[in-house]
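Beneath this line is the structure, given in structure tokens, with notes to follow.
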Amino acid sequence: MPSNNGNGRSSEADRYKEAATQALEMLDWCIGYLVGVRKESIAARLAENRSYIRKNLMDEPAEPLPTSKE
């Protein structure tokens with residue numbers, strides 16, 4: 001059984017959340033690269049997927065699309 005880290009969440013859950021956060025950071029880099037090489041449509045689709053993951057699976061606020069004027 002996984003141990004708790006004092007706040008009710010298991011250390012295993014914390015490791016999964018950290019891995020997901022790192023994967024999203026890598027995805028952010030890829031999106032930025034695609035914008036830089038003028039592949040905005042691909043970058044926008046990946047950014048939509050990233051926003052969905054952040055909002056619906058990680059319960060974090062979605063970030064603006066890199067191609068938006070926000």
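By order of appearance in the structure tokens: chains A, B, ..., then residues from 1 within every chain, and ligands from 1 in the order shown.
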
### Shell of 12 Å around Leu34 of chain A, only C-alpha atoms, local chain residues under 3 positions omitted, as a ChimeraX atom specification
/A:27-31,37-47,66-67

### Task
Kindly give the distance, in Å, that separates atom CA of Arg50 of chain A and atom CA of Asp14 of chain A, rounded to a single decimal.
19.6 Å

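Here atom CA of Glu63 of chain A stands at a distance of 11.0 Å from atom CA of Asn49 of chain A.
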
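Atom CA of Gly32 of chain A is positioned 22.2 Å from atom CA of Leu57 of chain A.
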